[in-house]
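Trainee: Below is the structure I would like to discuss, written out as structure tokens.
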Amino acid sequence: MKSKTNRLDRFISQNSAFSLSDTRLLIAQKRILLDGCVAHSIHQKVTEFTHVVLDGNCLKDNNPVYIMLNKPQGVVSATKDPKHSTVLDLIQHPQRGELHIVGRLDFNTTGLVLLTNDGTWSRKISLPETKLAKTYEVTLAKPLSNEYIAVFRKGIYFSYENNTTRPACLEILSPYTARLTLIEGKYHQVKRMFGFFQNEVLALHRVSVGQFSLGELELGHSKLLSTAEAALVSD
């Protein structure tokens with residue numbers, strides 16, 4: 001997402017009848033409030049969520065939104081699609097049109113999808129350096145063995161990409177089901193890792209991303225996260 005930060009004088013000139021040069025006088029006369037405090041410099045930054053008031057009139061009052069969704073099968077991780085239902089179709093929020101998706105899931109994959117209008121937050125979650133663990137429940141076509149655990153922990157080399165996956169934690173739950181935790185998310189990575197053993201993934205469900213966990217959230221339902229909950233993303 002493109003940064004939505006602007007300098008105060010530019011913001012005032014773009015959103016009022018005053019010019020760039022007028023802003024210094026407005027500041028001197030204490031007519032501008034930023035997040036409830038009197039503005040003190042034309043160089044102050046106005047972010048996408050800064051509250052700006054000029055002469056008692058609110059020029060900007062946008063609030064960050066953080067939503068957790070339990071995506072059903074057959075729903076597209078997109079904001080628009082001409083043929084299928086999208087994750088936004090499942091969201092009921094007045095700022096729904098501002099939301100974008102943080103970490104998409106395939107058409108037939110179910111589970112946790114995060115949505116927000118906060119570009120800084122979504123970039124932080126998506127950066128490989130953040131190393132947020134993603135946990136999936138997997139159903140396989142063939143029985144699992146302890147060999148999978150050792151290979152996943154070591155990492156799997158894909159020669160056509162000249163790339164080795166980072167160590168992953170695999171917990172076998174039953175002969176045909178497992179819980180897999182990764183700290184990366186390459187294209188179709190889970191299916192390709194099990195494909196190393198010629199074992200087809202029949203069902204894939206993401207249960208958590210970092211500290212964000214579906215818990216008892218039902219399939220197709222969403223939950224609004226508080227700013228405090230969203231702020232728990234590790235630095």
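Each chain in the structure tokens gets a letter, A, B and so on, in the order shown; residues start at 1 in every chain, and ligands are counted from 1 in the order they appear.
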Could you produce a table of the residues of stretch 44-159 of chain A lying within 6 Å of stretch 206-222 of chain A, with the nearest pair of atoms per residue and their separation in Å rounded to one decimal, using only C-alpha atoms, ordered by chain and increasing residue number, as CSV?

Mentor:
residue,atom,partner,partner_atom,distance
A:Met68,CA,A:Ser222,CA,5.5
A:Leu69,CA,A:Ser222,CA,4.2
A:Asn70,CA,A:Leu219,CA,5.0
A:Lys71,CA,A:Gly220,CA,5.5
A:Pro72,CA,A:Gly220,CA,5.5
A:Gly111,CA,A:Arg206,CA,4.5
A:Leu112,CA,A:Arg206,CA,5.4
A:Leu132,CA,A:Gly210,CA,4.8
A:Ala133,CA,A:Gly210,CA,5.0
A:Lys134,CA,A:Val209,CA,4.5
A:Thr135,CA,A:Ser208,CA,5.3
A:Tyr136,CA,A:Arg206,CA,4.2

Trainee: Compile the contact shell of stretch 62-65 of chain A as a PyMOL selection string: residues with an atom at most 6 Å away, counting only C-alpha atoms, same-chain residues fewer than 4 positions apart removed.

Mentor: chain A and resi 49+116-118

Trainee: Keeping only C-alpha atoms, write the selected residues to a file as a CSV table (one decimal), in the first residue's frame.

Mentor:
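What follows is the written file again_10.csv:
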chain,number,residue,atom,x,y,z
A,49,PHE,CA,-5.2,8.5,10.7
A,116,THR,CA,-7.3,-3.5,7.3
A,117,ASN,CA,-7.2,0.1,6.0
A,118,ASP,CA,-3.8,0.6,7.8

Trainee: Assign secondary structure with DSSP using the backbone only, and return the residues of stretch 6-232 of chain A in strand (DSSP E or B) as a VMD selection string.

Mentor: chain A and resid 6 to 7 32 to 34 37 to 38 45 to 46 52 to 54 57 to 60 66 to 71 76 86 100 to 102 110 to 116 134 to 140 157 to 158 163 to 164 169 to 174 177 to 182 201 to 209 212 to 213 222 to 225

Trainee: Could you work out how far atom CA of A:Asn6 lies from atom CA of A:Leu33, giving the answer in Å with one decimal?

Mentor: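 Between atom CA of A:Leu33 and atom CA of A:Asn6 the gap is 15.3 Å.
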
Trainee: From a backbone DSSP assignment, name each residue in stretch 13-110 of chain A labelled helix (DSSP H, G or I), as a VMD selection string.

Mentor: chain A and resid 13 to 15 22 to 28 87 to 90 96 to 98

Trainee: So, with only C-alpha atoms as the atoms that count, which of A:Gln29, A:Ser126, A:Thr110, A:Asn199 lies closest to A:Ala141?

Mentor: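 Looking only at the distances to A:Ala141, the closest residue turns out to be A:Asn199.
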
Trainee: Considering only C-alpha atoms, can you say which of A:Val46, A:Ala17, A:Leu202, A:Leu59 comes closest to A:Thr5?

Mentor: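 That would be A:Val46, the residue with the smallest distance to A:Thr5.
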
Trainee: Which one of A:Leu8, A:Leu90, A:Leu20, A:Leu25 sits closest to A:Thr50 if you count only C-alpha atoms?

Mentor: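 So, comparing all the options, the nearest one is A:Leu8.
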
Trainee: What's the 12 Å shell around A:Ala28, counting only C-alpha atoms, without same-chain residues fewer than 2 positions away, as a ChimeraX atom specification?

Mentor: /A:22-26,30-33,38-42

Trainee: Those same residues, written as a compact mmCIF listing (two decimals), in the first residue's frame with C-alpha atoms?

Mentor:
# COMPACT_ATOMS: atom_id res chain seq x y z
CA ASP A 22 -1.35 30.80 4.85
CA THR A 23 -0.56 27.80 7.03
CA ARG A 24 2.19 29.54 9.01
CA LEU A 25 -0.26 32.25 10.10
CA LEU A 26 -2.92 29.66 10.97
CA LYS A 30 -3.41 28.36 17.01
CA ARG A 31 -6.26 27.62 14.63
CA ILE A 32 -5.10 24.09 13.69
CA LEU A 33 -5.34 21.03 15.94
CA VAL A 38 -2.26 22.75 18.72
CA ALA A 39 -0.12 22.48 15.59
CA HIS A 40 3.33 24.04 15.86
CA SER A 41 5.05 23.55 12.48
CA ILE A 42 4.21 23.40 8.79

Trainee: Taking 3 positions as the minimum chain separation for residues in the same chain, which residues sit within 12 Å of A:Gln198 when counting only C-alpha atoms? Answer as JSON, numbers by chain.

Mentor: {"A": [140, 141, 142, 143, 144, 148, 191, 192, 193, 194, 195, 201]}

Trainee: Create the file for the chosen residues now, containing N, CA and C atoms and written as a PDB file, in the first residue's frame.

Mentor:
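The file below, again-v2.pdb, is the result:
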ATOM      1  N   LEU A 140      -4.405 -34.856   4.526  1.00  0.00           N
ATOM      2  CA  LEU A 140      -3.641 -35.444   3.421  1.00  0.00           C
ATOM      3  C   LEU A 140      -4.316 -36.673   2.837  1.00  0.00           C
ATOM      4  N   ALA A 141      -3.925 -37.012   1.615  1.00  0.00           N
ATOM      5  CA  ALA A 141      -4.475 -38.176   0.927  1.00  0.00           C
ATOM      6  C   ALA A 141      -3.825 -39.471   1.386  1.00  0.00           C
ATOM      7  N   LYS A 142      -2.553 -39.397   1.832  1.00  0.00           N
ATOM      8  CA  LYS A 142      -1.811 -40.585   2.246  1.00  0.00           C
ATOM      9  C   LYS A 142      -1.375 -40.447   3.710  1.00  0.00           C
ATOM     10  N   PRO A 143      -1.105 -41.557   4.370  1.00  0.00           N
ATOM     11  CA  PRO A 143      -0.695 -41.501   5.777  1.00  0.00           C
ATOM     12  C   PRO A 143       0.630 -40.759   5.961  1.00  0.00           C
ATOM     13  N   LEU A 144       0.755 -40.122   7.107  1.00  0.00           N
ATOM     14  CA  LEU A 144       1.967 -39.401   7.474  1.00  0.00           C
ATOM     15  C   LEU A 144       2.907 -40.297   8.268  1.00  0.00           C
ATOM     16  N   TYR A 148       8.344 -37.062   7.837  1.00  0.00           N
ATOM     17  CA  TYR A 148       7.876 -35.732   7.466  1.00  0.00           C
ATOM     18  C   TYR A 148       8.380 -34.682   8.459  1.00  0.00           C
ATOM     19  N   LYS A 191       1.229 -26.948   0.013  1.00  0.00           N
ATOM     20  CA  LYS A 191       0.948 -28.027  -0.935  1.00  0.00           C
ATOM     21  C   LYS A 191       2.226 -28.550  -1.582  1.00  0.00           C
ATOM     22  N   ARG A 192       3.161 -27.649  -1.855  1.00  0.00           N
ATOM     23  CA  ARG A 192       4.411 -28.064  -2.488  1.00  0.00           C
ATOM     24  C   ARG A 192       5.311 -28.820  -1.523  1.00  0.00           C
ATOM     25  N   MET A 193       5.270 -28.458  -0.252  1.00  0.00           N
ATOM     26  CA  MET A 193       6.081 -29.175   0.733  1.00  0.00           C
ATOM     27  C   MET A 193       5.589 -30.611   0.902  1.00  0.00           C
ATOM     28  N   PHE A 194       4.287 -30.790   0.980  1.00  0.00           N
ATOM     29  CA  PHE A 194       3.765 -32.155   1.061  1.00  0.00           C
ATOM     30  C   PHE A 194       3.908 -32.871  -0.281  1.00  0.00           C
ATOM     31  N   GLY A 195       3.922 -32.104  -1.347  1.00  0.00           N
ATOM     32  CA  GLY A 195       4.161 -32.673  -2.660  1.00  0.00           C
ATOM     33  C   GLY A 195       5.532 -33.305  -2.775  1.00  0.00           C
ATOM     34  N   VAL A 201      -2.557 -32.614  -0.699  1.00  0.00           N
ATOM     35  CA  VAL A 201      -3.302 -31.898   0.342  1.00  0.00           C
ATOM     36  C   VAL A 201      -4.765 -31.862  -0.064  1.00  0.00           C
TER      37      VAL A 201
END

Trainee: Pick from A:Arg179, A:His188, A:Arg166, A:Lys4: nearest to A:His205, with only C-alpha atoms counted?

Mentor: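 Closest to A:His205 of all the choices is A:Arg179.
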
Trainee: If I take atom CA of A:Leu182 and atom CA of A:Phe197, how far is one from the other in Å, to one decimal?

Mentor: 17.7 Å
